[in-house]
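Here's the structure we're looking at; comments come further down.
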Amino acid sequence: MEEHLTVGRVAELADVSVRTLHHYDEIGLVPSSARTAAGYRAYSAADVERLREVLAYRRLGFGLREIADLVDDPTTDAVAHLHRLRGLLREQRDRAAAMVTAIDRELEARAMGIRTTPEEQLKVFGAQLYERIGSAYPATRRTEPRIAEKIWEALGDARTVLNVGAGTGSYEPTDREVTAVEPSAVMRAQRPAGAAPCVAAGAERLPFADRSFDAAMAVSTVHHWPDPVAGLREMKRVADRVVVFTYDAGSPGWLERFWLTRDYLPEFGDLLAGWPSLADMTRAIGGRAEPVLIPWDCADGFFEAHWRRPEAYLEEHVRRAVSVWTRVGREAEERAVNGLREDLASGRWAERNRDLVALDTAELGLRLIVA
């Protein structure tokens, strides 16, 4: 490769416009690190590598803000990015291939005069929840260091740790021997290179002997388990210590404490109907619960994370990485988003939530259970 490439040459090779490259440079996403003798922008090998990552994430549907966070992540090098991109692209390819196969089968059936049933027509979209939302996780669901510190401190001196419902590996401590458990193939495919070994299994039936680990942890996952109490008891069976980051939906007025559920998405309450209370979960493992405050600039884009950044909820890719939006249904989601958009434009949201601007952290029901 030449020592430096001109903007025009880079645009030609990458099949993007010069204007796009100039925009990326101006916003600091892909700055050109050199100049030609005539004073024009020029790109080094490192610049081109960064651009390659940006374009790949862009073509996978991520927004520029999230792409900037991804490529600036100090814990992820070029090789890790390639592994992550490969996993995302393979998942996209496999999903497209499965849909093509399903459509071909229906075309063949219709050619023979056979009408497929509604159930058969929907099977092409009938994957489990994480199979639908999982591909958005790398962009918006990252480790929040201030929450991670509390989780890791709660693990105490544990040397061997089981991460149950591990997802893509956020919050896994790097200074301990970790084994992960994750039932979703999509999530397992997105675990970065060098991540802990991951077993395909559910929380309710952990494939380990009693007391196999010093500690077991579960982060933002209990609400997806078919039987949370059974899963927690399994964690207690296989580990001496249990640490769970979860949500309290049992305290009085819990639906009112977050403006998003209070003013725009009351359907959130229906999602947790019949869900065990915080007291039930702590009692199941003989633990205690303590509140976890959410920083205003929380890096992990879970449901409550953007409490002081309401515009984030207008972004499709932000919502797609949060199971709540998938579970309430498209109609409720569109109504909530449209209502929020109107209130942001009119200033009503700012007026109704003016006290939030002065807060650095918020208590929105997140809890750490330790047993």
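If you're wondering about the labels, chains in the structure tokens are A, B, ... by order shown, residues count from 1 in each chain, ligands from 1 in order shown.
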Worksheet entry | Residues of segment 173-205 of chain A in helix (DSSP H, G or I), written as a PyMOL selection string | chain A and resi 185-189+203-205
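Considering the residues A:Pro192, A:Pro228, A:Gly365, A:Gly165 and counting only C-alpha atoms, Glu290 of chain A has its shortest atom-to-atom contact with A:Gly365.
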Name all residues at most 8 Å from segment 60-64 of chain A (count only C-alpha atoms; drop same-chain ones fewer than 2 positions away) and give them as a compact mmCIF listing (two decimals) with N, CA and C atoms, in the first residue's frame.
```
# COMPACT_ATOMS: atom_id res chain seq x y z
N ALA A 56 -17.96 -0.64 7.69
CA ALA A 56 -18.55 -1.96 7.93
C ALA A 56 -19.69 -1.84 8.94
N TYR A 57 -19.47 -1.12 10.04
CA TYR A 57 -20.54 -0.95 11.03
C TYR A 57 -21.69 -0.14 10.44
N ARG A 58 -21.37 0.84 9.61
CA ARG A 58 -22.41 1.66 8.99
C ARG A 58 -23.31 0.81 8.11
N GLU A 66 -22.95 5.72 17.67
CA GLU A 66 -22.60 4.42 18.23
C GLU A 66 -21.33 3.86 17.58
N ILE A 67 -21.15 4.13 16.28
CA ILE A 67 -19.95 3.68 15.61
C ILE A 67 -18.71 4.34 16.23
N ALA A 68 -18.83 5.62 16.53
CA ALA A 68 -17.70 6.32 17.17
C ALA A 68 -17.33 5.65 18.49
N LEU A 88 -21.29 -10.63 13.17
CA LEU A 88 -22.49 -9.90 12.79
C LEU A 88 -22.89 -10.21 11.35
N LEU A 89 -21.90 -10.23 10.45
CA LEU A 89 -22.19 -10.49 9.05
C LEU A 89 -22.66 -11.92 8.83
N ALA A 136 -28.04 -5.89 17.60
CA ALA A 136 -27.82 -4.48 17.95
C ALA A 136 -26.97 -4.32 19.20
N ALA A 139 -23.28 -2.36 19.63
CA ALA A 139 -23.20 -0.90 19.51
C ALA A 139 -23.64 -0.19 20.77
N HIS A 317 -31.88 2.07 16.42
CA HIS A 317 -30.89 1.08 16.84
C HIS A 317 -30.73 1.03 18.36
```
Discussion item. As a list in words, please: the residues near segment 255-269 of chain A (cut-off 8 Å, only C-alpha atoms, same-chain neighbours under 3 positions excluded).
Written reply: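 Once the adjacent positions are removed, what remains is Ala249, Leu272, Ala273, Glu304, Trp307, Val324, Val328, Ala332, Glu333, Arg335, Ala336, Val337, Gly339, Leu340, Asn353 and Leu364 of chain A.
The closest residue to Asp15 of chain A, picked from A:Arg52, A:Arg41, A:Arg176, A:Arg330 and counting only C-alpha atoms, is A:Arg52.
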Response to the item:
Students should find that atom CA of Ile27 of chain A and atom CA of Gly347 of chain A are spaced 27.3 Å
Practice prompt. Please give the complete set of residues from segment 214-339 of chain A that DSSP, run on the backbone, assigns to strand (DSSP E), formatted as a ChimeraX atom specification.
Written response: /A:214-219,239-247,288-291,294-295
